[in-house]
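To start, the structure under review is shown below, and the notes come after it.
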Amino acid sequence: MTAKIFIDGEAGTTGLQIRERLAGRTDLEVISIANDKRKDLDERARLLNAADIAILCLPDDAAKESVSLITNGTTRVIDASSAFRVHPDWAYGFAEMDKVQGATIAKARFVTNPGCYPQGVIASVRPLIEAGLLPSGYPITVNAISGYSGGGKQMIAEYEAAGEAAPHYMPYALTFAHKHMPEMTAYTKLANAPLFVPSVGDYAQGMVTCVPLQLGHLGVVPRGAELHAAIADHFAGIPDSFVEVAPFAEMAKSAELNPEIYNNTNTMKLHVFANDERAQAVLVAVYDNLGKGASGAAVQNLNLMLGVDPRTGLV
Ligand SMILES: NC(=O)C1=CN([C@@H]2O[C@H](COP(=O)(O)OP(=O)(O)OC[C@H]3O[C@@H](n4cnc5c(N)ncnc54)[C@H](OP(=O)(O)O)[C@@H]3O)[C@@H](O)[C@H]2O)C=CC1
Ligand SMILES: CC(=O)N[C@@H](CCC(=O)OP(=O)(O)O)C(=O)O
């Protein structure tokens, strides 16, 4: 039987990209809402209950509303919003998080797609905590940059309207209470919230997360090669991983740290840079906020839930 997929919010940034990634698929049927009924509760309820899998690409409150409208007890859900990211009844949709998460997503009824920033941080830090190279109480800081599409339709419109006057670089979330903190803390396995300073750049799409590490105060100081090996080993053991690990090499700069190089793909590339004499390292993740950070991950999770090759429709 062909699976029926309903994208609630298909006219938004993430919804449109999922729609594009599903175009041409014959193993599923996308059921669409008429444009003039996009916010009509009865029509959304009808389509949510007619779908085998509903993908919610909505603000948090509307996503919660959609879940409450599902009364059939069967429709499975992938939610792109931050409404359920640490909810115990929802599977966290970062399939490469550990060896079993892909299988957990595959059988879950409710899957919460990760926030864009947390995925890079979880991918970089969790393997080091699991390997015992960093203690869970380690005081992590995160510096990150995203293209303005990370802020959805509204931020895209603001940057496009500002044109040349748009700020090239703008740090934000300076009350240190960004909505990604709970998931970033929980799934890295950190005991305390990281100090997270995201920023938005004057370009549409693509992101970099950086985790600088001052290692000198640790009882046992891990060398850069050990940090790299733990991360590489982790991802070598993950089936169907879209996360790649760059070879470990000393370099002062790399063209691969361009936030836009994985645009329109579902790839995430991890890097480890280190100076052992100084006991310093930086963990970097490069990916597309709209790809692995949102709609690519949603399609990867959809594929897992449908039991098809996880790479279907993805590059
Ligand atoms: N952009 C990104 O990089 C990422 C986004 N996300 C998350 O994904 C979700 C969608 O984000 P994004 O696509 O960027 O946002 P957009 O603002 O681009 O799109 C949201 C869509 O939802 C529609 N919508 C709003 N309220 C309702 C409602 N009550 N009923 C039906 N439709 C509604 C909007 O319609 P209208 O415009 O007419 O109001 C719009 O089409 C958000 O929760 C976001 O935080 C997650 C990861 C990354
Ligand atoms: C540049 C920018 O504004 N980015 C968004 C994050 C986008 C994202 O991951 O969204 P959700 O976690 O809401 O799903 C922000 O910082 O709020």
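Chain lettering (A, B, ...) mirrors the order of the structure tokens, residue numbering begins at 1 for each chain separately, and ligand numbering begins at 1 in order of display.
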
**OP:** Enumerate residues in contact with ligand 2: an atom-to-atom distance of at most 10 Å, counting only C-alpha atoms and all ligand atoms. Format the result as a VMD selection string.
**Re:** chain A and resid 14 57 to 60 79 to 83 85 112 to 119 144 to 152 154 to 156 170 to 173 178 to 181 183 197 to 201 204 to 207 289 to 290 293 to 294

What does the file look like for those residues with N, CA and C atoms, as a compact mmCIF listing (two decimals), in the first residue's frame?
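Saved file out28.txt follows:
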# COMPACT_ATOMS: atom_id res chain seq x y z
N THR A 14 10.61 25.03 5.58
CA THR A 14 10.94 23.62 5.76
C THR A 14 9.97 22.74 4.97
N CYS A 57 5.48 21.13 9.92
CA CYS A 57 6.48 22.17 9.64
C CYS A 57 5.88 23.51 10.05
N LEU A 58 5.64 23.64 11.32
CA LEU A 58 4.82 24.72 11.88
C LEU A 58 5.51 25.33 13.09
N PRO A 59 5.08 26.52 13.51
CA PRO A 59 5.53 27.02 14.82
C PRO A 59 5.08 26.05 15.92
N ASP A 60 5.73 26.14 17.09
CA ASP A 60 5.47 25.17 18.18
C ASP A 60 3.99 25.04 18.54
N ASP A 79 7.70 15.81 13.75
CA ASP A 79 7.49 17.22 14.04
C ASP A 79 8.80 17.99 13.90
N ALA A 80 8.81 18.99 13.01
CA ALA A 80 10.03 19.79 12.81
C ALA A 80 10.18 20.89 13.86
N SER A 81 9.17 21.14 14.65
CA SER A 81 9.25 22.26 15.61
C SER A 81 9.99 21.83 16.88
N SER A 82 10.12 22.77 17.80
CA SER A 82 10.82 22.44 19.05
C SER A 82 9.84 22.06 20.17
N ALA A 83 8.59 21.73 19.82
CA ALA A 83 7.56 21.48 20.85
C ALA A 83 7.81 20.21 21.65
N ARG A 85 10.91 18.18 21.73
CA ARG A 85 12.28 17.70 21.54
C ARG A 85 12.83 16.86 22.69
N THR A 112 10.51 13.48 16.83
CA THR A 112 10.75 14.93 16.86
C THR A 112 12.05 15.22 16.12
N ASN A 113 11.94 15.95 15.03
CA ASN A 113 13.13 16.30 14.25
C ASN A 113 14.00 17.23 15.10
N PRO A 114 15.32 17.06 15.08
CA PRO A 114 16.16 17.90 15.93
C PRO A 114 16.20 19.36 15.48
N GLY A 115 16.57 20.24 16.40
CA GLY A 115 16.87 21.62 16.04
C GLY A 115 18.14 21.64 15.19
N CYS A 116 18.30 22.68 14.39
CA CYS A 116 19.45 22.70 13.48
C CYS A 116 20.77 22.74 14.26
N TYR A 117 20.91 23.68 15.21
CA TYR A 117 22.20 23.78 15.92
C TYR A 117 22.54 22.52 16.74
N PRO A 118 21.58 21.95 17.48
CA PRO A 118 21.97 20.85 18.37
C PRO A 118 22.60 19.67 17.65
N GLN A 119 22.20 19.40 16.41
CA GLN A 119 22.73 18.20 15.76
C GLN A 119 24.26 18.24 15.63
N ALA A 144 28.36 29.40 16.96
CA ALA A 144 27.79 28.85 15.74
C ALA A 144 27.28 29.96 14.84
N ILE A 145 27.21 29.65 13.55
CA ILE A 145 26.61 30.60 12.60
C ILE A 145 25.66 29.86 11.67
N SER A 146 24.54 30.52 11.39
CA SER A 146 23.53 29.96 10.48
C SER A 146 23.20 31.00 9.42
N GLY A 147 22.83 30.53 8.24
CA GLY A 147 22.24 31.42 7.25
C GLY A 147 20.87 31.89 7.74
N TYR A 148 20.40 32.99 7.14
CA TYR A 148 19.16 33.59 7.66
C TYR A 148 17.91 32.75 7.39
N SER A 149 17.97 31.75 6.53
CA SER A 149 16.79 30.89 6.33
C SER A 149 16.46 30.11 7.60
N GLY A 150 17.43 30.03 8.54
CA GLY A 150 17.18 29.37 9.83
C GLY A 150 16.04 30.04 10.59
N GLY A 151 15.78 31.30 10.29
CA GLY A 151 14.70 32.02 10.98
C GLY A 151 13.38 31.95 10.24
N GLY A 152 13.28 31.08 9.22
CA GLY A 152 12.01 30.89 8.51
C GLY A 152 11.63 32.05 7.62
N GLN A 154 9.86 34.67 7.91
CA GLN A 154 9.94 36.06 8.39
C GLN A 154 11.36 36.61 8.31
N MET A 155 12.33 35.81 8.77
CA MET A 155 13.72 36.30 8.73
C MET A 155 14.23 36.40 7.29
N ILE A 156 13.80 35.47 6.45
CA ILE A 156 14.20 35.53 5.03
C ILE A 156 13.70 36.85 4.43
N MET A 170 25.74 38.63 13.01
CA MET A 170 25.01 39.12 14.17
C MET A 170 24.83 38.01 15.21
N PRO A 171 25.60 38.09 16.32
CA PRO A 171 25.38 37.13 17.40
C PRO A 171 24.03 37.40 18.06
N TYR A 172 23.40 36.37 18.64
CA TYR A 172 22.11 36.56 19.32
C TYR A 172 21.95 35.52 20.42
N ALA A 173 20.75 35.45 20.98
CA ALA A 173 20.45 34.54 22.11
C ALA A 173 21.33 34.86 23.31
N HIS A 178 18.44 30.08 24.78
CA HIS A 178 17.93 29.69 23.46
C HIS A 178 17.09 28.41 23.58
N LYS A 179 16.08 28.30 22.73
CA LYS A 179 15.16 27.15 22.84
C LYS A 179 15.83 25.81 22.56
N HIS A 180 17.03 25.82 22.00
CA HIS A 180 17.73 24.56 21.74
C HIS A 180 18.49 24.02 22.95
N MET A 181 18.54 24.80 24.05
CA MET A 181 19.36 24.37 25.20
C MET A 181 18.95 23.01 25.77
N GLU A 183 17.50 20.28 24.51
CA GLU A 183 17.90 19.11 23.69
C GLU A 183 19.42 19.04 23.56
N VAL A 197 26.39 30.54 21.93
CA VAL A 197 26.30 31.85 21.27
C VAL A 197 26.12 31.64 19.77
N PRO A 198 24.85 31.53 19.32
CA PRO A 198 24.62 31.42 17.88
C PRO A 198 24.74 32.79 17.21
N SER A 199 24.87 32.77 15.91
CA SER A 199 24.87 34.03 15.16
C SER A 199 24.23 33.78 13.81
N VAL A 200 23.76 34.85 13.22
CA VAL A 200 23.17 34.72 11.89
C VAL A 200 24.01 35.56 10.92
N GLY A 201 24.26 35.00 9.74
CA GLY A 201 25.07 35.68 8.74
C GLY A 201 24.22 36.14 7.57
N ALA A 204 21.95 32.99 2.76
CA ALA A 204 20.66 32.33 2.97
C ALA A 204 20.75 31.06 3.80
N GLN A 205 21.74 30.24 3.56
CA GLN A 205 21.60 28.84 3.95
C GLN A 205 22.95 28.21 4.24
N GLY A 206 23.01 27.37 5.27
CA GLY A 206 24.24 26.65 5.62
C GLY A 206 24.73 27.07 6.98
N MET A 207 25.38 26.16 7.71
CA MET A 207 25.80 26.51 9.06
C MET A 207 27.07 25.81 9.50
N ASN A 289 21.54 24.06 7.29
CA ASN A 289 20.45 24.18 8.28
C ASN A 289 19.12 23.72 7.71
N LEU A 290 18.96 23.84 6.38
CA LEU A 290 17.71 23.39 5.76
C LEU A 290 17.80 21.93 5.30
N GLY A 293 19.94 19.87 8.89
CA GLY A 293 19.38 20.64 10.01
C GLY A 293 17.86 20.69 10.04
N ALA A 294 17.18 20.27 8.97
CA ALA A 294 15.70 20.37 8.98
C ALA A 294 15.08 19.37 8.00

**OP:** Could you give me, as a list of chain:residue names, the residues within 7 Å of Pro222 in chain A, counting only C-alpha atoms and dropping anything in the same chain fewer than 4 positions from it?
**Re:**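 Result of the neighbour search: A:Leu133, A:Glu226, A:Leu227.
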
Selection from above, N, CA and C atoms, as a PDB file, in the first residue's frame, can you write it?
ATOM      1  N   LEU A 133      36.468  10.641  27.333  1.00  0.00           N
ATOM      2  CA  LEU A 133      37.547  11.614  27.105  1.00  0.00           C
ATOM      3  C   LEU A 133      37.195  12.989  27.676  1.00  0.00           C
ATOM      4  N   GLU A 226      43.301  11.457  19.779  1.00  0.00           N
ATOM      5  CA  GLU A 226      42.358  10.612  20.529  1.00  0.00           C
ATOM      6  C   GLU A 226      40.929  11.147  20.399  1.00  0.00           C
ATOM      7  N   LEU A 227      40.784  12.455  20.431  1.00  0.00           N
ATOM      8  CA  LEU A 227      39.449  13.043  20.249  1.00  0.00           C
ATOM      9  C   LEU A 227      38.911  12.644  18.877  1.00  0.00           C
TER      10      LEU A 227
END

Subject >> Gap from CA of Lys99 in chain A to CA of Val243 in chain A - Å, one decimal >> reply: 13.0 Å

Original post:
Can you tell me how far atom 37 (O, counted along the ligand's line) of ligand 1 sits from CA of Ala91 in chain A, in Å to one decimal?
Top reply: 27.2 Å

Original post:
What lies within 8 Å of Leu302 in chain A using only C-alpha atoms, ignoring chain neighbours under 4 positions off, as a count of residues only?
Top reply: 3

Subject >> Coordinates-based distance that separates CA of Gln280 in chain A from CA of Val221 in chain A (Å, one decimal) >> reply: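 We find that CA of Val221 in chain A and CA of Gln280 in chain A lie 9.6 Å from each other.
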
Subject >> Which of A:Gly307, A:Gly24, A:Gly216, A:Gly237 sits closest to Ala103 in chain A [using only C-alpha atoms] >> reply: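 That would be A:Gly307, the residue with the smallest distance to Ala103 in chain A.
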
**OP:** Do a neighbour search on range 245-252 of chain A at 9 Å with only C-alpha atoms, toss out local chain neighbours closer than 3 positions, and write the hits as a PyMOL selection string.
**Re:** chain A and resi 224-225+228-229+231-232+235+268-275

**OP:** Just the strand (DSSP E or B) stuff from range 8-187 of chain A, please, per backbone DSSP, written as a list in words.
**Re:** Asp8, Leu28, Glu29, Val30, Ile31, Ile53, Ala54, Ile55, Leu56, Arg76, Val77, Ile78, Asp79, Ala91, Tyr92, Phe110, Val111, Thr112, Thr141, Val142, Asn143, Ala144, Ile145, Ser146, Gly147, Tyr169, Met170 and Pro171 of chain A

Same residues, C-alpha atoms, output as an mmCIF file, in the first residue's frame:
data_model
loop_
_atom_site.group_PDB
_atom_site.id
_atom_site.type_symbol
_atom_site.label_atom_id
_atom_site.label_comp_id
_atom_site.auth_asym_id
_atom_site.auth_seq_id
_atom_site.Cartn_x
_atom_site.Cartn_y
_atom_site.Cartn_z
ATOM 1 C CA ASP A 8 1.169 20.462 7.674
ATOM 2 C CA LEU A 28 4.389 7.437 -1.215
ATOM 3 C CA GLU A 29 1.563 9.846 -1.969
ATOM 4 C CA VAL A 30 1.700 13.418 -0.687
ATOM 5 C CA ILE A 31 -1.778 14.623 0.244
ATOM 6 C CA ILE A 53 2.593 9.907 8.418
ATOM 7 C CA ALA A 54 2.104 13.632 9.087
ATOM 8 C CA ILE A 55 5.130 15.934 8.906
ATOM 9 C CA LEU A 56 4.588 19.116 10.919
ATOM 10 C CA ARG A 76 2.545 8.681 12.832
ATOM 11 C CA VAL A 77 4.165 12.098 13.201
ATOM 12 C CA ILE A 78 7.462 13.797 12.395
ATOM 13 C CA ASP A 79 7.490 17.222 14.045
ATOM 14 C CA ALA A 91 11.917 9.633 19.610
ATOM 15 C CA TYR A 92 14.660 12.181 18.946
ATOM 16 C CA PHE A 110 6.123 10.132 17.291
ATOM 17 C CA VAL A 111 9.459 11.465 16.017
ATOM 18 C CA THR A 112 10.747 14.930 16.857
ATOM 19 C CA THR A 141 30.838 26.518 24.986
ATOM 20 C CA VAL A 142 29.349 26.617 21.491
ATOM 21 C CA ASN A 143 29.861 29.303 18.851
ATOM 22 C CA ALA A 144 27.790 28.848 15.737
ATOM 23 C CA ILE A 145 26.613 30.601 12.599
ATOM 24 C CA SER A 146 23.526 29.962 10.481
ATOM 25 C CA GLY A 147 22.238 31.424 7.251
ATOM 26 C CA TYR A 169 27.276 38.910 11.140
ATOM 27 C CA MET A 170 25.009 39.122 14.167
ATOM 28 C CA PRO A 171 25.378 37.131 17.404
#

**OP:** Give me the residues within 7 Å of Lys153 in chain A as a PyMOL selection string, counting only C-alpha atoms and dropping any in the same chain fewer than 3 places off.
**Re:** chain A and resi 12-13+156-157

Would you export the selected residues with N, CA and C atoms as a PDB file, in the first residue's frame, please?
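Output contents, as saved in selection_31.pdb:
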ATOM      1  N   GLY A  12       5.631  26.681   4.057  1.00  0.00           N
ATOM      2  CA  GLY A  12       6.735  27.352   4.758  1.00  0.00           C
ATOM      3  C   GLY A  12       8.093  26.883   4.242  1.00  0.00           C
ATOM      4  N   THR A  13       9.156  27.415   4.838  1.00  0.00           N
ATOM      5  CA  THR A  13      10.519  27.146   4.368  1.00  0.00           C
ATOM      6  C   THR A  13      10.846  25.650   4.434  1.00  0.00           C
ATOM      7  N   ILE A 156      13.801  35.472   6.451  1.00  0.00           N
ATOM      8  CA  ILE A 156      14.196  35.534   5.031  1.00  0.00           C
ATOM      9  C   ILE A 156      13.702  36.855   4.434  1.00  0.00           C
ATOM     10  N   ALA A 157      12.439  37.198   4.727  1.00  0.00           N
ATOM     11  CA  ALA A 157      11.866  38.440   4.187  1.00  0.00           C
ATOM     12  C   ALA A 157      12.626  39.659   4.717  1.00  0.00           C
TER      13      ALA A 157
END

Subject >> Which of A:Pro194, A:Gly15, A:Gly102, A:Pro259 sits closest to ligand 1 [using only C-alpha atoms and all ligand atoms] >> reply: A:Gly15

Original post:
Skipping near chain neighbours, those fewer than 2 positions away, what residues fall within 7 Å of Lys189 in chain A using only C-alpha atoms, listed as a PyMOL selection string?
Top reply: chain A and resi 126+136+185-187+191
